[in-house]
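A short write-up of the structure that comes next.
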Amino acid sequence: MSQTSKSWAMLHTRCPRCRRGNMFAGGMYNFGSNKIHEHCPHCNLHFEIEPGYFYAAMYVSYALNVAEAFAVVAATYLLTHNSTSPWLYTGVILTGCLVLAPINFRYSRVLLLYWLSPKINYQPHLDIDDTTPYL
C-alpha cells in the first residue's frame with residue numbers, strides 16, 4: 001500500500017489526517033457550492049478545530065493575495081513595459097484578485113490545516129482506499 005504524498009493531498013484539497021477525504025463540496029468556481037465539509041467524509045475529522053478557527057485563514061489569504069498582486073504586476077510590466085499608467089496596474093491587480101479569490105479561499109484553509117495546525121497530524125493507517133471492491 002503506497003501512502004498519499006502530502007503535496008498531492010494539498011493540491012487536491014484532501015483531509016490532512018487521512019489524505020483521502022475531500023475537504024470541499026463542489027467545484028472551485030461553482031457558485032454557491034464552494035463550502036468546506038463539517039467533517040471529513042473518510043475519517044470523520046472535524047475540520048473547524050475550535051469555534052472561529054478559520055478566521056486565521058484570512059491572514060493566510062492576505063499573504064497569498066499580496067504575493068499574487070506582486071506576481072501580476074511583474075507579469076504586466078514584463079508584457080507591456082508600461083510604467084506610466086496606474087490604471088492599468090490597478091485594473092490588472094483587481095481583476096487578478098477577483099479571479100483568484102476562489103483559489104485563495106480554498107488554499108488558505110488547506111495551508112492553515114496542513115502547516116499551521118499542530119493538533120492535526122497525518123495518520124498513515126487511515127490512508128487506505130475504500131473504493132477497492134472486496135472479493
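Identifiers for the C-alpha cells are assigned positionally: chains receive A, B, ... in sequence, residues are indexed from 1 per chain, and ligands are indexed from 1 in the order shown.
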Which of chain A fall in strand (DSSP E or B), as a list in words: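 Of chain A, only Arg14, Asn22, Phe24, Ala25, Lys35, Ile36, His39 and His46 of chain A fall in strand (DSSP E or B).
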If we count only C-alpha atoms, what is near stretch 57-70 of chain A at a cut-off of 6 Å, once residues fewer than 6 positions away on the same chain are taken out, given as a tab-separated table (two decimals) with N, CA and C atoms, in the first residue's frame?
```tsv
chain	number	residue	atom	x	y	z
A	93	ILE	N	-4.52	44.28	-11.11
A	93	ILE	CA	-4.47	43.74	-9.75
A	93	ILE	C	-5.87	43.37	-9.26
A	104	ASN	N	-7.80	31.29	-3.50
A	104	ASN	CA	-7.31	31.75	-2.20
A	104	ASN	C	-8.18	31.24	-1.06
A	108	SER	N	-6.04	28.84	1.33
A	108	SER	CA	-5.71	29.43	2.62
A	108	SER	C	-6.14	28.48	3.74
A	109	ARG	N	-7.25	27.83	3.58
A	109	ARG	CA	-7.70	26.86	4.59
A	109	ARG	C	-6.86	25.59	4.56
```
Coordinates-based distance that separates atom CA of A:Thr95 from atom CA of A:Asn34 (Å, one decimal): 19.7 Å
Report the closest atom pair, with its distance in Å rounded to one decimal, for each residue of stretch 44-121 of chain A that has an atom no farther than 10 Å from stretch 3-21 of chain A; count only C-alpha atoms, sort by chain and then rising residue number, and write it as a tab-separated table.
```
residue	atom	partner	partner_atom	distance
A:Asn44	CA	A:Gly21	CA	8.8
A:Leu45	CA	A:Arg17	CA	7.4
A:His46	CA	A:Cys15	CA	9.9
A:Phe47	CA	A:Cys15	CA	8.4
A:Arg106	CA	A:Thr13	CA	7.7
A:Tyr107	CA	A:Thr13	CA	7.6
A:Arg109	CA	A:Thr13	CA	9.2
A:Val110	CA	A:Thr13	CA	6.5
A:Leu111	CA	A:Met10	CA	7.8
A:Leu113	CA	A:Pro16	CA	6.8
A:Tyr114	CA	A:Pro16	CA	5.8
A:Trp115	CA	A:Pro16	CA	9.5
A:Ser117	CA	A:Pro16	CA	9.8
A:Ile120	CA	A:Arg17	CA	6.4
A:Asn121	CA	A:Arg17	CA	5.6
```
What does the file look like for those residues with N, CA and C atoms, as a CSV table (one decimal), in the first residue's frame?
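Saved file result36.csv follows:
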```csv
chain,number,residue,atom,x,y,z
A,44,ASN,N,-13.8,11.2,9.3
A,44,ASN,CA,-14.7,11.9,10.2
A,44,ASN,C,-13.9,13.0,11.1
A,45,LEU,N,-12.8,13.5,10.6
A,45,LEU,CA,-12.2,14.6,11.2
A,45,LEU,C,-13.0,15.9,11.2
A,46,HIS,N,-13.2,16.6,12.3
A,46,HIS,CA,-13.9,17.8,12.3
A,46,HIS,C,-12.9,18.9,11.9
A,47,PHE,N,-13.1,19.6,10.8
A,47,PHE,CA,-12.2,20.5,10.2
A,47,PHE,C,-12.0,21.8,11.0
A,106,ARG,N,-9.9,28.4,-0.9
A,106,ARG,CA,-9.6,27.0,-0.6
A,106,ARG,C,-8.2,26.8,0.0
A,107,TYR,N,-7.2,27.4,-0.7
A,107,TYR,CA,-5.8,27.0,-0.3
A,107,TYR,C,-5.4,27.8,0.9
A,109,ARG,N,-7.3,27.8,3.6
A,109,ARG,CA,-7.7,26.9,4.6
A,109,ARG,C,-6.9,25.6,4.6
A,110,VAL,N,-6.5,25.2,3.4
A,110,VAL,CA,-5.6,24.0,3.2
A,110,VAL,C,-4.3,24.2,3.9
A,111,LEU,N,-3.7,25.4,3.6
A,111,LEU,CA,-2.4,25.7,4.2
A,111,LEU,C,-2.5,25.8,5.7
A,113,LEU,N,-4.6,24.3,7.7
A,113,LEU,CA,-4.8,22.9,8.3
A,113,LEU,C,-3.5,22.1,8.2
A,114,TYR,N,-2.8,22.2,7.1
A,114,TYR,CA,-1.6,21.3,6.9
A,114,TYR,C,-0.4,21.9,7.6
A,115,TRP,N,-0.1,23.2,7.5
A,115,TRP,CA,1.1,23.7,8.1
A,115,TRP,C,1.0,24.4,9.4
A,117,SER,N,-1.4,24.0,11.9
A,117,SER,CA,-2.3,23.3,12.9
A,117,SER,C,-1.5,22.2,13.6
A,120,ILE,N,-3.4,18.6,14.3
A,120,ILE,CA,-3.8,17.6,13.2
A,120,ILE,C,-2.5,17.0,12.7
A,121,ASN,N,-2.4,15.7,12.7
A,121,ASN,CA,-1.3,15.0,12.2
A,121,ASN,C,-1.7,13.9,11.3
```
DSSP alpha helix (DSSP H) residues within stretch 53-129 of chain A, as a PyMOL selection string: chain A and resi 57-80+86-99+101-115
Okay, now the selection with C-alpha atoms, as a CSV table (one decimal), in the first residue's frame?
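File produced: result.csv:
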```csv
chain,number,residue,atom,x,y,z
A,57,ALA,CA,-7.2,31.6,7.2
A,58,MET,CA,-7.9,35.3,6.5
A,59,TYR,CA,-4.2,36.1,7.3
A,60,VAL,CA,-3.0,33.3,5.0
A,61,SER,CA,-5.3,34.5,2.3
A,62,TYR,CA,-4.0,38.0,2.7
A,63,ALA,CA,-0.4,36.8,2.3
A,64,LEU,CA,-1.5,34.8,-0.9
A,65,ASN,CA,-3.2,38.0,-2.3
A,66,VAL,CA,-0.1,40.1,-1.7
A,67,ALA,CA,2.2,37.6,-3.4
A,68,GLU,CA,-0.2,37.2,-6.3
A,69,ALA,CA,-0.5,41.0,-6.7
A,70,PHE,CA,3.3,41.3,-6.9
A,71,ALA,CA,3.4,38.5,-9.5
A,72,VAL,CA,0.6,40.0,-11.6
A,73,VAL,CA,2.3,43.5,-11.5
A,74,ALA,CA,5.6,41.9,-12.6
A,75,ALA,CA,4.0,40.0,-15.4
A,76,THR,CA,2.1,43.0,-16.5
A,77,TYR,CA,5.3,45.1,-16.6
A,78,LEU,CA,7.2,42.4,-18.5
A,79,LEU,CA,4.4,42.1,-21.1
A,80,THR,CA,3.6,45.8,-21.6
A,86,PRO,CA,-1.5,53.5,-12.7
A,87,TRP,CA,-5.0,52.5,-14.0
A,88,LEU,CA,-3.5,49.6,-16.0
A,89,TYR,CA,-1.9,48.2,-12.8
A,90,THR,CA,-4.9,48.9,-10.7
A,91,GLY,CA,-7.3,47.1,-13.1
A,92,VAL,CA,-4.9,44.2,-13.5
A,93,ILE,CA,-4.5,43.7,-9.7
A,94,LEU,CA,-8.2,44.0,-9.0
A,95,THR,CA,-9.1,41.6,-11.8
A,96,GLY,CA,-6.4,39.1,-10.7
A,97,CYS,CA,-7.6,39.2,-7.1
A,98,LEU,CA,-11.2,38.6,-8.2
A,99,VAL,CA,-10.3,35.7,-10.5
A,101,ALA,CA,-10.5,34.6,-4.9
A,102,PRO,CA,-11.9,31.0,-5.0
A,103,ILE,CA,-8.4,29.6,-5.2
A,104,ASN,CA,-7.3,31.7,-2.2
A,105,PHE,CA,-10.4,30.7,-0.2
A,106,ARG,CA,-9.6,27.0,-0.6
A,107,TYR,CA,-5.8,27.0,-0.3
A,108,SER,CA,-5.7,29.4,2.6
A,109,ARG,CA,-7.7,26.9,4.6
A,110,VAL,CA,-5.6,24.0,3.2
A,111,LEU,CA,-2.4,25.7,4.2
A,112,LEU,CA,-3.8,26.6,7.6
A,113,LEU,CA,-4.8,22.9,8.3
A,114,TYR,CA,-1.6,21.3,6.9
A,115,TRP,CA,1.1,23.7,8.1
```
d(atom CA of A:His37, atom CA of A:Ala25) in Å: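 Between atom CA of A:His37 and atom CA of A:Ala25 the gap is 6.4 Å.
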